[in-house]
file upload.cif (mmCIF, C-alpha atoms, pLDDT in the B column; chains and numbers go by the auth columns)
data_model
loop_
_atom_site.group_PDB
_atom_site.id
_atom_site.type_symbol
_atom_site.label_atom_id
_atom_site.label_comp_id
_atom_site.label_asym_id
_atom_site.label_seq_id
_atom_site.Cartn_x
_atom_site.Cartn_y
_atom_site.Cartn_z
_atom_site.B_iso_or_equiv
_atom_site.auth_seq_id
_atom_site.auth_asym_id
ATOM 1 C CA MET A 1 78.316 -116.991 -41.652 89.00 1 C
ATOM 2 C CA LEU A 2 78.625 -114.464 -44.508 93.00 2 C
ATOM 3 C CA ALA A 3 76.102 -114.265 -47.325 95.00 3 C
ATOM 4 C CA ALA A 4 78.169 -111.447 -48.875 94.00 4 C
ATOM 5 C CA ALA A 5 81.757 -110.504 -48.004 94.00 5 C
ATOM 6 C CA PRO A 6 82.737 -106.950 -46.919 97.00 6 C
ATOM 7 C CA ARG A 7 82.522 -104.621 -49.908 97.00 7 C
ATOM 8 C CA LEU A 8 83.118 -100.901 -50.364 98.00 8 C
ATOM 9 C CA ASN A 9 80.074 -98.718 -49.786 98.00 9 C
ATOM 10 C CA LEU A 10 79.927 -94.973 -50.541 98.00 10 C
ATOM 11 C CA TRP A 11 76.167 -94.409 -50.670 98.00 11 C
ATOM 12 C CA ARG A 12 73.274 -94.073 -48.252 98.00 12 C
ATOM 13 C CA ALA A 13 69.555 -93.963 -49.000 98.00 13 C
ATOM 14 C CA LEU A 14 69.128 -90.218 -49.468 97.00 14 C
ATOM 15 C CA VAL A 15 67.431 -88.372 -46.620 96.00 15 C
ATOM 16 C CA ASP A 16 65.144 -85.423 -47.271 94.00 16 C
ATOM 17 C CA ASN A 17 67.943 -82.941 -46.559 96.00 17 C
ATOM 18 C CA ASP A 18 70.285 -84.649 -49.046 96.00 18 C
ATOM 19 C CA MET A 19 67.741 -83.958 -51.791 94.00 19 C
ATOM 20 C CA SER A 20 67.329 -80.273 -51.029 94.00 20 C
ATOM 21 C CA PHE A 21 67.273 -77.940 -54.040 91.00 21 C
ATOM 22 C CA PHE A 22 69.886 -75.875 -52.208 89.00 22 C
ATOM 23 C CA LEU A 23 72.438 -78.737 -52.495 92.00 23 C
ATOM 24 C CA ASP A 24 72.037 -78.943 -56.290 92.00 24 C
ATOM 25 C CA GLN A 25 72.145 -82.764 -56.537 94.00 25 C
ATOM 26 C CA ARG A 26 75.757 -82.727 -55.329 95.00 26 C
ATOM 27 C CA PHE A 27 75.618 -86.329 -54.089 97.00 27 C
ATOM 28 C CA VAL A 28 73.974 -87.785 -57.184 97.00 28 C
ATOM 29 C CA ARG A 29 76.599 -85.992 -59.286 96.00 29 C
ATOM 30 C CA THR A 30 79.371 -87.982 -57.549 97.00 30 C
ATOM 31 C CA GLY A 31 78.033 -91.160 -59.161 98.00 31 C
ATOM 32 C CA PHE A 32 78.754 -93.051 -55.931 98.00 32 C
ATOM 33 C CA PHE A 33 75.297 -94.648 -56.008 98.00 33 C
ATOM 34 C CA GLU A 34 76.696 -97.171 -58.498 98.00 34 C
ATOM 35 C CA LEU A 35 80.150 -98.779 -58.230 98.00 35 C
ATOM 36 C CA THR A 36 81.147 -101.206 -60.982 98.00 36 C
ATOM 37 C CA GLU A 37 84.231 -103.386 -60.601 97.00 37 C
ATOM 38 C CA GLU A 38 86.658 -102.714 -63.443 97.00 38 C
ATOM 39 C CA SER A 39 89.594 -104.831 -62.254 98.00 39 C
ATOM 40 C CA VAL A 40 90.541 -106.991 -59.269 98.00 40 C
ATOM 41 C CA SER A 41 94.008 -108.190 -58.230 98.00 41 C
ATOM 42 C CA ILE A 42 94.785 -110.601 -55.392 98.00 42 C
ATOM 43 C CA ASP A 43 98.301 -111.012 -53.986 98.00 43 C
ATOM 44 C CA ASP A 44 99.690 -113.122 -51.155 97.00 44 C
ATOM 45 C CA GLU A 45 101.666 -111.258 -48.482 96.00 45 C
ATOM 46 C CA PRO A 46 104.727 -112.731 -46.667 96.00 46 C
ATOM 47 C CA ASP A 47 102.865 -112.941 -43.335 95.00 47 C
ATOM 48 C CA GLY A 48 100.032 -114.968 -44.845 96.00 48 C
ATOM 49 C CA ALA A 49 97.707 -112.047 -45.484 97.00 49 C
ATOM 50 C CA VAL A 50 95.922 -111.534 -48.781 98.00 50 C
ATOM 51 C CA LEU A 51 95.931 -108.098 -50.433 98.00 51 C
ATOM 52 C CA VAL A 52 92.896 -107.423 -52.609 98.00 52 C
ATOM 53 C CA ARG A 53 92.954 -104.357 -54.857 98.00 53 C
ATOM 54 C CA ILE A 54 89.744 -103.365 -56.606 98.00 54 C
ATOM 55 C CA ARG A 55 89.370 -100.610 -59.188 98.00 55 C
ATOM 56 C CA TYR A 56 85.799 -99.315 -59.450 98.00 56 C
ATOM 57 C CA ARG A 57 84.086 -96.989 -61.871 98.00 57 C
ATOM 58 C CA THR A 58 81.307 -94.762 -60.596 98.00 58 C
ATOM 59 C CA ALA A 59 78.049 -94.276 -62.483 98.00 59 C
ATOM 60 C CA PHE A 60 79.709 -91.410 -64.397 97.00 60 C
ATOM 61 C CA GLY A 61 83.037 -93.128 -65.080 97.00 61 C
ATOM 62 C CA ASP A 62 85.265 -91.757 -62.327 98.00 62 C
ATOM 63 C CA GLU A 63 87.830 -94.076 -60.734 98.00 63 C
ATOM 64 C CA VAL A 64 87.620 -95.267 -57.112 98.00 64 C
ATOM 65 C CA LEU A 65 90.404 -97.446 -55.672 98.00 65 C
ATOM 66 C CA HIS A 66 89.860 -99.798 -52.739 98.00 66 C
ATOM 67 C CA SER A 67 92.554 -102.003 -51.221 98.00 67 C
ATOM 68 C CA GLN A 68 91.723 -104.550 -48.554 98.00 68 C
ATOM 69 C CA ARG A 69 94.415 -106.438 -46.668 98.00 69 C
ATOM 70 C CA ILE A 70 92.927 -109.526 -45.001 98.00 70 C
ATOM 71 C CA LEU A 71 94.828 -111.523 -42.377 98.00 71 C
ATOM 72 C CA ARG A 72 93.461 -114.578 -40.595 97.00 72 C
ATOM 73 C CA VAL A 73 94.637 -114.066 -37.026 97.00 73 C
ATOM 74 C CA SER A 74 92.884 -117.133 -35.565 95.00 74 C
ATOM 75 C CA PRO A 75 90.596 -119.907 -36.867 94.00 75 C
ATOM 76 C CA ASP A 76 87.517 -117.697 -36.477 95.00 76 C
ATOM 77 C CA GLU A 77 88.909 -114.128 -36.609 97.00 77 C
ATOM 78 C CA PHE A 78 90.073 -111.926 -39.491 98.00 78 C
ATOM 79 C CA GLU A 79 91.797 -108.549 -39.558 98.00 79 C
ATOM 80 C CA PHE A 80 90.954 -106.076 -42.338 98.00 80 C
ATOM 81 C CA VAL A 81 93.099 -103.073 -43.235 98.00 81 C
ATOM 82 C CA GLU A 82 91.248 -100.792 -45.660 98.00 82 C
ATOM 83 C CA THR A 83 92.356 -97.958 -47.937 98.00 83 C
ATOM 84 C CA VAL A 84 90.005 -95.987 -50.182 98.00 84 C
ATOM 85 C CA LYS A 85 91.016 -93.353 -52.733 98.00 85 C
ATOM 86 C CA LEU A 86 88.223 -91.216 -54.162 98.00 86 C
ATOM 87 C CA PRO A 87 88.337 -89.342 -57.499 97.00 87 C
ATOM 88 C CA GLU A 88 90.140 -86.023 -57.707 95.00 88 C
ATOM 89 C CA GLY A 89 87.618 -83.238 -57.492 92.00 89 C
ATOM 90 C CA THR A 90 85.316 -85.003 -55.035 95.00 90 C
ATOM 91 C CA ALA A 91 84.060 -82.124 -52.890 92.00 91 C
ATOM 92 C CA ASP A 92 81.608 -83.928 -50.632 96.00 92 C
ATOM 93 C CA GLY A 93 80.254 -87.411 -50.022 97.00 93 C
ATOM 94 C CA LEU A 94 77.774 -89.349 -47.917 98.00 94 C
ATOM 95 C CA ARG A 95 79.722 -92.244 -46.406 98.00 95 C
ATOM 96 C CA VAL A 96 82.954 -94.228 -46.698 98.00 96 C
ATOM 97 C CA GLY A 97 82.911 -97.748 -45.344 98.00 97 C
ATOM 98 C CA VAL A 98 82.136 -101.384 -45.999 98.00 98 C
ATOM 99 C CA GLU A 99 78.932 -103.385 -46.155 98.00 99 C
ATOM 100 C CA PHE A 100 78.444 -107.127 -45.691 98.00 100 C
ATOM 101 C CA GLU A 101 75.518 -109.477 -45.198 98.00 101 C
ATOM 102 C CA LEU A 102 75.224 -112.324 -42.725 97.00 102 C
ATOM 103 C CA ALA A 103 73.877 -115.781 -43.591 95.00 103 C
ATOM 104 C CA GLY A 104 71.132 -117.346 -41.513 91.00 104 C
ATOM 105 C CA THR A 105 69.008 -115.712 -38.830 93.00 105 C
ATOM 106 C CA PHE A 106 70.281 -113.039 -36.441 97.00 106 C
ATOM 107 C CA ASP A 107 67.988 -111.345 -33.960 97.00 107 C
ATOM 108 C CA ASP A 108 69.899 -109.226 -31.445 98.00 108 C
ATOM 109 C CA MET A 109 72.680 -106.661 -31.397 98.00 109 C
ATOM 110 C CA GLU A 110 74.928 -105.333 -28.653 98.00 110 C
ATOM 111 C CA TRP A 111 77.319 -102.473 -29.259 98.00 111 C
ATOM 112 C CA VAL A 112 79.767 -100.230 -27.445 98.00 112 C
ATOM 113 C CA GLY A 113 79.292 -96.712 -28.720 98.00 113 C
ATOM 114 C CA LEU A 114 76.691 -93.959 -28.775 98.00 114 C
ATOM 115 C CA GLY A 115 73.107 -94.935 -28.019 98.00 115 C
ATOM 116 C CA PRO A 116 70.607 -96.141 -27.224 98.00 116 C
ATOM 117 C CA TRP A 117 68.732 -94.470 -30.077 97.00 117 C
ATOM 118 C CA GLU A 118 69.609 -93.459 -33.630 98.00 118 C
ATOM 119 C CA ASN A 119 72.325 -90.804 -33.892 98.00 119 C
ATOM 120 C CA TYR A 120 74.574 -89.266 -36.553 98.00 120 C
ATOM 121 C CA PRO A 121 77.674 -87.024 -36.450 97.00 121 C
ATOM 122 C CA ASP A 122 75.548 -83.855 -36.155 96.00 122 C
ATOM 123 C CA ARG A 123 72.771 -85.593 -34.147 95.00 123 C
ATOM 124 C CA ARG A 124 74.656 -86.888 -31.132 94.00 124 C
ATOM 125 C CA ALA A 125 73.957 -84.410 -28.337 94.00 125 C
ATOM 126 C CA SER A 126 71.246 -86.617 -26.820 91.00 126 C
ATOM 127 C CA ALA A 127 73.169 -89.905 -27.236 97.00 127 C
ATOM 128 C CA LEU A 128 75.329 -91.431 -24.518 98.00 128 C
ATOM 129 C CA LEU A 129 78.514 -93.481 -24.787 98.00 129 C
ATOM 130 C CA GLY A 130 77.985 -96.940 -23.287 98.00 130 C
ATOM 131 C CA ARG A 131 77.192 -100.595 -23.913 98.00 131 C
ATOM 132 C CA TRP A 132 73.739 -100.965 -25.443 98.00 132 C
ATOM 133 C CA THR A 133 71.439 -103.764 -26.602 98.00 133 C
ATOM 134 C CA SER A 134 68.555 -103.904 -29.058 98.00 134 C
ATOM 135 C CA THR A 135 66.810 -106.297 -31.358 98.00 135 C
ATOM 136 C CA ILE A 136 67.866 -105.763 -34.954 98.00 136 C
ATOM 137 C CA ASN A 137 64.259 -105.042 -35.927 97.00 137 C
ATOM 138 C CA ASP A 138 63.957 -102.315 -33.270 97.00 138 C
ATOM 139 C CA ALA A 139 67.224 -100.665 -34.357 97.00 139 C
ATOM 140 C CA ALA A 140 65.514 -99.305 -37.483 97.00 140 C
ATOM 141 C CA VAL A 141 63.547 -96.046 -37.526 97.00 141 C
ATOM 142 C CA PRO A 142 60.465 -96.422 -39.793 96.00 142 C
ATOM 143 C CA TYR A 143 60.315 -93.013 -41.425 96.00 143 C
ATOM 144 C CA VAL A 144 57.222 -92.533 -43.605 95.00 144 C
ATOM 145 C CA LEU A 145 59.524 -92.061 -46.597 95.00 145 C
ATOM 146 C CA PRO A 146 62.168 -94.824 -46.357 97.00 146 C
ATOM 147 C CA GLN A 147 65.660 -93.367 -46.131 97.00 147 C
ATOM 148 C CA GLU A 148 68.936 -93.752 -44.236 98.00 148 C
ATOM 149 C CA ASN A 149 68.044 -94.681 -40.674 98.00 149 C
ATOM 150 C CA GLY A 150 69.137 -96.496 -37.527 98.00 150 C
ATOM 151 C CA GLY A 151 72.758 -95.359 -37.414 98.00 151 C
ATOM 152 C CA ARG A 152 74.811 -95.449 -34.222 98.00 152 C
ATOM 153 C CA GLY A 153 77.990 -93.419 -33.946 98.00 153 C
ATOM 154 C CA ASP A 154 81.407 -93.814 -32.304 98.00 154 C
ATOM 155 C CA VAL A 155 81.012 -97.602 -32.216 98.00 155 C
ATOM 156 C CA ARG A 156 84.025 -99.520 -30.930 98.00 156 C
ATOM 157 C CA SER A 157 82.529 -103.010 -31.223 98.00 157 C
ATOM 158 C CA VAL A 158 79.301 -104.784 -32.141 98.00 158 C
ATOM 159 C CA ARG A 159 78.050 -108.285 -31.362 98.00 159 C
ATOM 160 C CA LEU A 160 75.239 -109.879 -33.393 98.00 160 C
ATOM 161 C CA THR A 161 73.589 -113.080 -32.168 97.00 161 C
ATOM 162 C CA GLY A 162 70.954 -115.524 -33.340 96.00 162 C
ATOM 163 C CA PRO A 163 70.159 -119.225 -33.640 94.00 163 C
ATOM 164 C CA VAL A 164 72.954 -119.770 -36.173 92.00 164 C
ATOM 165 C CA GLY A 165 75.740 -118.205 -34.114 95.00 165 C
ATOM 166 C CA VAL A 166 77.510 -115.023 -33.153 97.00 166 C
ATOM 167 C CA VAL A 167 79.362 -112.407 -35.214 98.00 167 C
ATOM 168 C CA THR A 168 81.549 -109.750 -33.614 98.00 168 C
ATOM 169 C CA THR A 169 83.403 -106.782 -35.070 98.00 169 C
ATOM 170 C CA THR A 170 85.961 -104.608 -33.273 98.00 170 C
ATOM 171 C CA HIS A 171 87.381 -101.362 -34.635 98.00 171 C
ATOM 172 C CA ASP A 172 90.699 -99.616 -34.106 96.00 172 C
ATOM 173 C CA SER A 173 88.908 -96.296 -34.719 97.00 173 C
ATOM 174 C CA PRO A 174 85.292 -95.516 -33.727 98.00 174 C
ATOM 175 C CA MET A 175 82.921 -96.145 -36.632 98.00 175 C
ATOM 176 C CA GLN A 176 79.347 -95.372 -37.671 98.00 176 C
ATOM 177 C CA LEU A 177 77.267 -98.574 -37.483 98.00 177 C
ATOM 178 C CA THR A 178 74.029 -99.550 -39.184 98.00 178 C
ATOM 179 C CA VAL A 179 72.500 -103.022 -38.862 98.00 179 C
ATOM 180 C CA ALA A 180 69.482 -103.311 -41.147 97.00 180 C
ATOM 181 C CA ARG A 181 66.979 -105.694 -42.678 98.00 181 C
ATOM 182 C CA HIS A 182 66.871 -103.834 -45.994 97.00 182 C
ATOM 183 C CA THR A 183 69.467 -102.698 -48.516 97.00 183 C
ATOM 184 C CA VAL A 184 70.056 -99.116 -49.545 97.00 184 C
ATOM 185 C CA GLN A 185 68.504 -99.964 -52.908 96.00 185 C
ATOM 186 C CA GLU A 186 65.328 -101.314 -51.286 97.00 186 C
ATOM 187 C CA LEU A 187 64.988 -98.205 -49.148 98.00 187 C
ATOM 188 C CA GLU A 188 65.358 -95.914 -52.153 97.00 188 C
ATOM 189 C CA ALA A 189 62.873 -97.911 -54.267 96.00 189 C
ATOM 190 C CA ALA A 190 60.022 -97.642 -51.735 97.00 190 C
ATOM 191 C CA LYS A 191 57.800 -94.577 -51.372 96.00 191 C
ATOM 192 C CA HIS A 192 56.368 -95.616 -47.994 97.00 192 C
ATOM 193 C CA TRP A 193 57.798 -97.726 -45.182 96.00 193 C
ATOM 194 C CA TRP A 194 54.969 -100.249 -45.441 96.00 194 C
ATOM 195 C CA GLU A 195 55.995 -100.974 -49.050 96.00 195 C
ATOM 196 C CA LEU A 196 59.295 -102.514 -47.917 97.00 196 C
ATOM 197 C CA PRO A 197 59.280 -106.311 -48.236 93.00 197 C
ATOM 198 C CA GLU A 198 59.269 -108.520 -45.151 94.00 198 C
ATOM 199 C CA SER A 199 62.890 -109.378 -44.464 96.00 199 C
ATOM 200 C CA ARG A 200 64.982 -111.447 -42.069 95.00 200 C
ATOM 201 C CA ARG A 201 68.235 -110.457 -43.736 96.00 201 C
ATOM 202 C CA THR A 202 71.024 -108.915 -41.667 98.00 202 C
ATOM 203 C CA ILE A 203 73.007 -106.231 -43.507 98.00 203 C
ATOM 204 C CA VAL A 204 75.885 -104.598 -41.640 98.00 204 C
ATOM 205 C CA GLN A 205 77.335 -101.238 -42.643 98.00 205 C
ATOM 206 C CA LEU A 206 80.513 -99.982 -40.953 98.00 206 C
ATOM 207 C CA ASP A 207 81.627 -96.479 -41.921 98.00 207 C
ATOM 208 C CA ILE A 208 84.915 -94.819 -41.068 98.00 208 C
ATOM 209 C CA ALA A 209 83.278 -91.558 -42.222 98.00 209 C
ATOM 210 C CA HIS A 210 79.598 -90.643 -42.436 98.00 210 C
ATOM 211 C CA ARG A 211 78.194 -87.248 -43.380 98.00 211 C
ATOM 212 C CA GLY A 212 75.968 -85.313 -41.020 97.00 212 C
ATOM 213 C CA LEU A 213 72.286 -84.970 -41.903 96.00 213 C
ATOM 214 C CA GLY A 214 71.974 -81.187 -41.776 95.00 214 C
ATOM 215 C CA THR A 215 68.714 -79.227 -42.121 95.00 215 C
ATOM 216 C CA ALA A 216 68.927 -78.242 -45.797 92.00 216 C
ATOM 217 C CA GLN A 217 65.213 -78.731 -46.579 90.00 217 C
ATOM 218 C CA LEU A 218 64.234 -76.017 -44.093 89.00 218 C
ATOM 219 C CA GLY A 219 67.525 -74.401 -43.123 91.00 219 C
ATOM 220 C CA PRO A 220 71.296 -74.507 -43.686 92.00 220 C
ATOM 221 C CA ASP A 221 73.382 -77.474 -44.713 94.00 221 C
ATOM 222 C CA THR A 222 75.279 -79.400 -42.058 95.00 222 C
ATOM 223 C CA ARG A 223 78.324 -77.545 -40.759 96.00 223 C
ATOM 224 C CA PRO A 224 81.674 -78.052 -42.574 96.00 224 C
ATOM 225 C CA GLU A 225 83.126 -80.297 -39.840 97.00 225 C
ATOM 226 C CA PHE A 226 80.371 -82.845 -40.540 97.00 226 C
ATOM 227 C CA ARG A 227 80.973 -83.026 -44.304 97.00 227 C
ATOM 228 C CA LEU A 228 83.161 -85.583 -46.114 97.00 228 C
ATOM 229 C CA THR A 229 85.857 -83.699 -48.022 95.00 229 C
ATOM 230 C CA ASP A 230 88.912 -86.005 -47.841 97.00 230 C
ATOM 231 C CA LEU A 231 90.051 -87.941 -50.895 98.00 231 C
ATOM 232 C CA GLU A 232 91.759 -90.800 -49.041 98.00 232 C
ATOM 233 C CA TYR A 233 90.685 -92.894 -46.033 98.00 233 C
ATOM 234 C CA HIS A 234 92.512 -95.550 -44.005 98.00 234 C
ATOM 235 C CA TRP A 235 91.198 -97.766 -41.212 98.00 235 C
ATOM 236 C CA SER A 236 91.347 -101.279 -39.758 98.00 236 C
ATOM 237 C CA TRP A 237 88.888 -103.577 -38.035 98.00 237 C
ATOM 238 C CA ARG A 238 88.389 -107.213 -37.050 98.00 238 C
ATOM 239 C CA LEU A 239 85.641 -109.719 -37.780 98.00 239 C
ATOM 240 C CA ARG A 240 85.022 -112.837 -35.709 97.00 240 C
ATOM 241 C CA VAL A 241 82.449 -115.492 -36.592 95.00 241 C
ATOM 242 C CA GLY A 242 81.354 -118.457 -34.495 89.00 242 C
ATOM 243 C CA SER A 243 78.734 -121.147 -34.232 75.00 243 C
ATOM 244 C CA ALA A 244 75.779 -121.067 -31.861 64.00 244 C
ATOM 245 C CA ALA A 245 77.895 -122.926 -29.281 61.00 245 C
ATOM 246 C CA ASP A 246 80.274 -119.930 -29.146 59.00 246 C
ATOM 247 C CA THR A 247 77.467 -117.797 -27.715 50.00 247 C
ATOM 248 C CA GLU A 248 77.896 -119.765 -24.488 49.00 248 C
ATOM 249 C CA SER A 249 81.687 -120.102 -24.572 46.00 249 C
ATOM 250 C CA HIS A 250 82.184 -116.367 -25.309 48.00 250 C
ATOM 251 C CA PRO A 251 79.231 -114.637 -23.603 45.00 251 C
ATOM 252 C CA ARG A 252 80.699 -111.142 -24.063 56.00 252 C
ATOM 253 C CA ASP A 253 83.794 -109.632 -25.696 50.00 253 C
#
call {"tool": "encode", "arguments": {"input": "upload.cif", "output": "structure tokens"}}
result
Amino acid sequence: MLAAAPRLNLWRALVDNDMSFFLDQRFVRTGFFELTEESVSIDDEPDGAVLVRIRYRTAFGDEVLHSQRILRVSPDEFEFVETVKLPEGTADGLRVGVEFELAGTFDDMEWVGLGPWENYPDRRASALLGRWTSTINDAAVPYVLPQENGGRGDVRSVRLTGPVGVVTTTHDSPMQLTVARHTVQELEAAKHWWELPESRRTIVQLDIAHRGLGTAQLGPDTRPEFRLTDLEYHWSWRLRVGSAADTESHPRD
């Protein structure tokens, strides 16, 4: 079910406000747009879990540590316990979370969280907490200049379905969710939305922390409570994968 396993993600496709002259390239200067694995260790835990520790280097050589404890709790369900340590001196960031890609075709999403439309930590006044549904294609917002889009906040669970099966995630803490057809790199490489390639990929981004968008191009930056200033993050979540037959046997979590 997974084309790419959950991996640390600290970068979003920059929005107009992120690139404001007023912010002085603060996000680019973190180097978080490029994470290169420097070392990986894998250890077995007494309860059968696997502890994966990855040491990354940012684009400018700073160290980022990510540990991921993975426990198989049933034949089709896995528990992840994540810890991320950012470099000393990191004053602000864009996101802290994981990204993974699904294999095969997925068409629809159902989530419990804020919706039904796009919302972010400082763009949530018009969103409502509930159970929502959408096609994955319709979850995106086609801004003229491709950038971060389609996020849903305070998400407790998400269910993705298609001809190949069903994938569900549940979160001990509410998370920011993005389900997209294009990668961050593809969004940043395009100058217009119509330049993005046709895609049936399903890329899932789950963030324990996501920065507000602010108004820095025409006004002030986002308020301090919507900025990412911590150096260490901890969270846990579960991933369940099943065949197409499971869509009938488990119609809703």
call {"tool": "atom_distance", "arguments": {"input": "upload.cif", "atom1": "atom CA of Gln147 of chain C", "atom2": "atom CA of Val28 of chain C"}}
result
14.9 Å
call {"tool": "closest_residue", "arguments": {"input": "upload.cif", "among": "C:Arg152, C:Arg7, C:Arg123, C:His234", "to": "Thr83 of chain C", "atoms": "all atoms listed in the file"}}
result
C:His234
call {"tool": "resolve_selection", "arguments": {"input": "upload.cif", "expression": "the PyMOL selection byres ((chain C and resi 93) around 12)", "output": "PyMOL selection string"}}
result
chain C and resi 9-12+14+18+23+25-33+86-87+89-92+94-97+209-213+226-231
call {"tool": "resolve_selection", "arguments": {"input": "upload.cif", "expression": "the PyMOL selection byres ((chain C and resi 107) around 6)", "output": "JSON, numbers by chain"}}
result
{"C": [106, 108, 135, 136, 162]}
call {"tool": "residues_around", "arguments": {"input": "upload.cif", "residues": "Val112 of chain C", "least_positions_apart": "4", "cutoff": "12 Å", "atoms": "all atoms listed in the file", "output": "list in words"}}
result
Pro116, Leu128, Leu129, Gly130, Arg131, Trp132, Thr133, Ser134, Arg152, Gly153, Asp154, Val155, Arg156, Ser157, Val158, Arg159, Thr168, Thr169, Thr170, His171, Pro174, Met175, Gln176, Leu177, Arg252 and Asp253 of chain C
call {"tool": "closest_residue", "arguments": {"input": "upload.cif", "among": "C:Gln185, C:Val141, C:Gly151, C:Thr161", "to": "Glu110 of chain C", "atoms": "all atoms listed in the file"}}
result
C:Thr161
call {"tool": "axis_aligned_box", "arguments": {"input": "upload.cif", "around": "segment 185-201 of chain C", "padding_each_side": "6 Å", "output": "JSON"}}
result
{"center_x": 61.7, "center_y": -103.0, "center_z": -48.2, "size_x": 25.5, "size_y": 28.9, "size_z": 24.2}
call {"tool": "atom_distance", "arguments": {"input": "upload.cif", "atom1": "atom CA of Thr222 of chain C", "atom2": "atom CA of Asp122 of chain C"}}
result
7.4 Å
call {"tool": "atom_distance", "arguments": {"input": "upload.cif", "atom1": "atom CA of Ile203 of chain C", "atom2": "atom CA of Asn137 of chain C"}}
result
11.6 Å
call {"tool": "closest_atom_pairs", "arguments": {"input": "upload.cif", "of": "segment 55-150 of chain C", "to": "segment 37-43 of chain C", "cutoff": "10 Å", "atoms": "all atoms listed in the file", "output": "CSV"}}
result
residue,atom,partner,partner_atom,distance
C:Arg55,CA,C:Ser39,CA,5.2
C:Tyr56,CA,C:Glu37,CA,4.5
C:Arg57,CA,C:Glu38,CA,6.5
C:Thr58,CA,C:Glu37,CA,9.1
C:Glu63,CA,C:Glu38,CA,9.1
C:Val64,CA,C:Glu37,CA,9.5
C:Leu65,CA,C:Glu37,CA,9.9
C:His66,CA,C:Val40,CA,9.7
C:Ser67,CA,C:Ser41,CA,9.5
C:Gln68,CA,C:Ile42,CA,9.6
C:Arg69,CA,C:Asp43,CA,9.5
call {"tool": "residues_around", "arguments": {"input": "upload.cif", "residues": "Glu79 of chain C", "least_positions_apart": "2", "cutoff": "8 Å", "atoms": "all atoms listed in the file", "output": "list in words"}}
result
Arg69, Ile70, Leu71, Arg72, Val73, Glu77, Val81, Ser236, Trp237, Arg238 and Leu239 of chain C
call {"tool": "resolve_selection", "arguments": {"input": "upload.cif", "expression": "the PyMOL selection byres ((chain C and resi 104) around 10)", "output": "list in words"}}
result
Met1, Leu2, Ala3, Glu101, Leu102, Ala103, Thr105, Phe106, Gly162, Pro163, Val164, Gly165, Arg200, Arg201 and Thr202 of chain C
call {"tool": "write_last_selection", "arguments": {"input": "upload.cif", "atoms": "C-alpha atoms", "output": "compact mmCIF listing (two decimals), in the frame of the given file"}}
result
# COMPACT_ATOMS: atom_id res chain seq x y z
CA MET C 1 78.32 -116.99 -41.65
CA LEU C 2 78.62 -114.46 -44.51
CA ALA C 3 76.10 -114.26 -47.32
CA GLU C 101 75.52 -109.48 -45.20
CA LEU C 102 75.22 -112.32 -42.72
CA ALA C 103 73.88 -115.78 -43.59
CA THR C 105 69.01 -115.71 -38.83
CA PHE C 106 70.28 -113.04 -36.44
CA GLY C 162 70.95 -115.52 -33.34
CA PRO C 163 70.16 -119.22 -33.64
CA VAL C 164 72.95 -119.77 -36.17
CA GLY C 165 75.74 -118.20 -34.11
CA ARG C 200 64.98 -111.45 -42.07
CA ARG C 201 68.24 -110.46 -43.74
CA THR C 202 71.02 -108.92 -41.67
call {"tool": "residues_around", "arguments": {"input": "upload.cif", "residues": "Glu99 of chain C", "least_positions_apart": "3", "cutoff": "9 Å", "atoms": "all atoms listed in the file", "output": "PyMOL selection string"}}
result
chain C and resi 4-9+203-207
call {"tool": "closest_residue", "arguments": {"input": "upload.cif", "among": "C:Phe21, C:Tyr233, C:Trp194, C:Phe78", "to": "Pro142 of chain C", "atoms": "only C-alpha atoms"}}
result
C:Trp194
call {"tool": "closest_residue", "arguments": {"input": "upload.cif", "among": "C:Asp221, C:Glu34, C:Glu148, C:Glu45", "to": "Trp193 of chain C", "atoms": "all atoms listed in the file"}}
result
C:Glu148
call {"tool": "decode", "arguments": {"input": "upload.cif", "residues": "segment 110-118 of chain C", "atoms": "N, CA and C atoms", "output": "CSV table (one decimal), in the first residue's frame"}}
result
chain,number,residue,atom,x,y,z
C,110,GLU,N,-11.9,11.0,3.8
C,110,GLU,CA,-12.8,11.3,4.8
C,110,GLU,C,-12.0,11.6,6.1
C,111,TRP,N,-12.3,12.7,6.7
C,111,TRP,CA,-11.5,13.1,7.9
C,111,TRP,C,-12.4,13.6,9.0
C,112,VAL,N,-11.9,13.5,10.2
C,112,VAL,CA,-12.5,14.1,11.4
C,112,VAL,C,-11.6,15.2,11.8
C,113,GLY,N,-12.1,16.4,11.7
C,113,GLY,CA,-11.2,17.6,12.0
C,113,GLY,C,-11.9,18.8,11.5
C,114,LEU,N,-11.1,19.9,11.2
C,114,LEU,CA,-11.7,21.1,10.7
C,114,LEU,C,-12.0,21.1,9.2
C,115,GLY,N,-13.1,21.6,8.8
C,115,GLY,CA,-13.4,21.6,7.4
C,115,GLY,C,-14.6,22.4,7.1
C,116,PRO,N,-15.3,22.3,5.9
C,116,PRO,CA,-14.9,21.4,4.9
C,116,PRO,C,-13.8,21.9,4.0
C,117,TRP,N,-13.5,23.2,4.0
C,117,TRP,CA,-12.5,23.8,3.1
C,117,TRP,C,-11.2,23.9,3.8
C,118,GLU,N,-10.2,24.4,2.9
C,118,GLU,CA,-8.8,24.6,3.4
C,118,GLU,C,-8.8,25.5,4.6
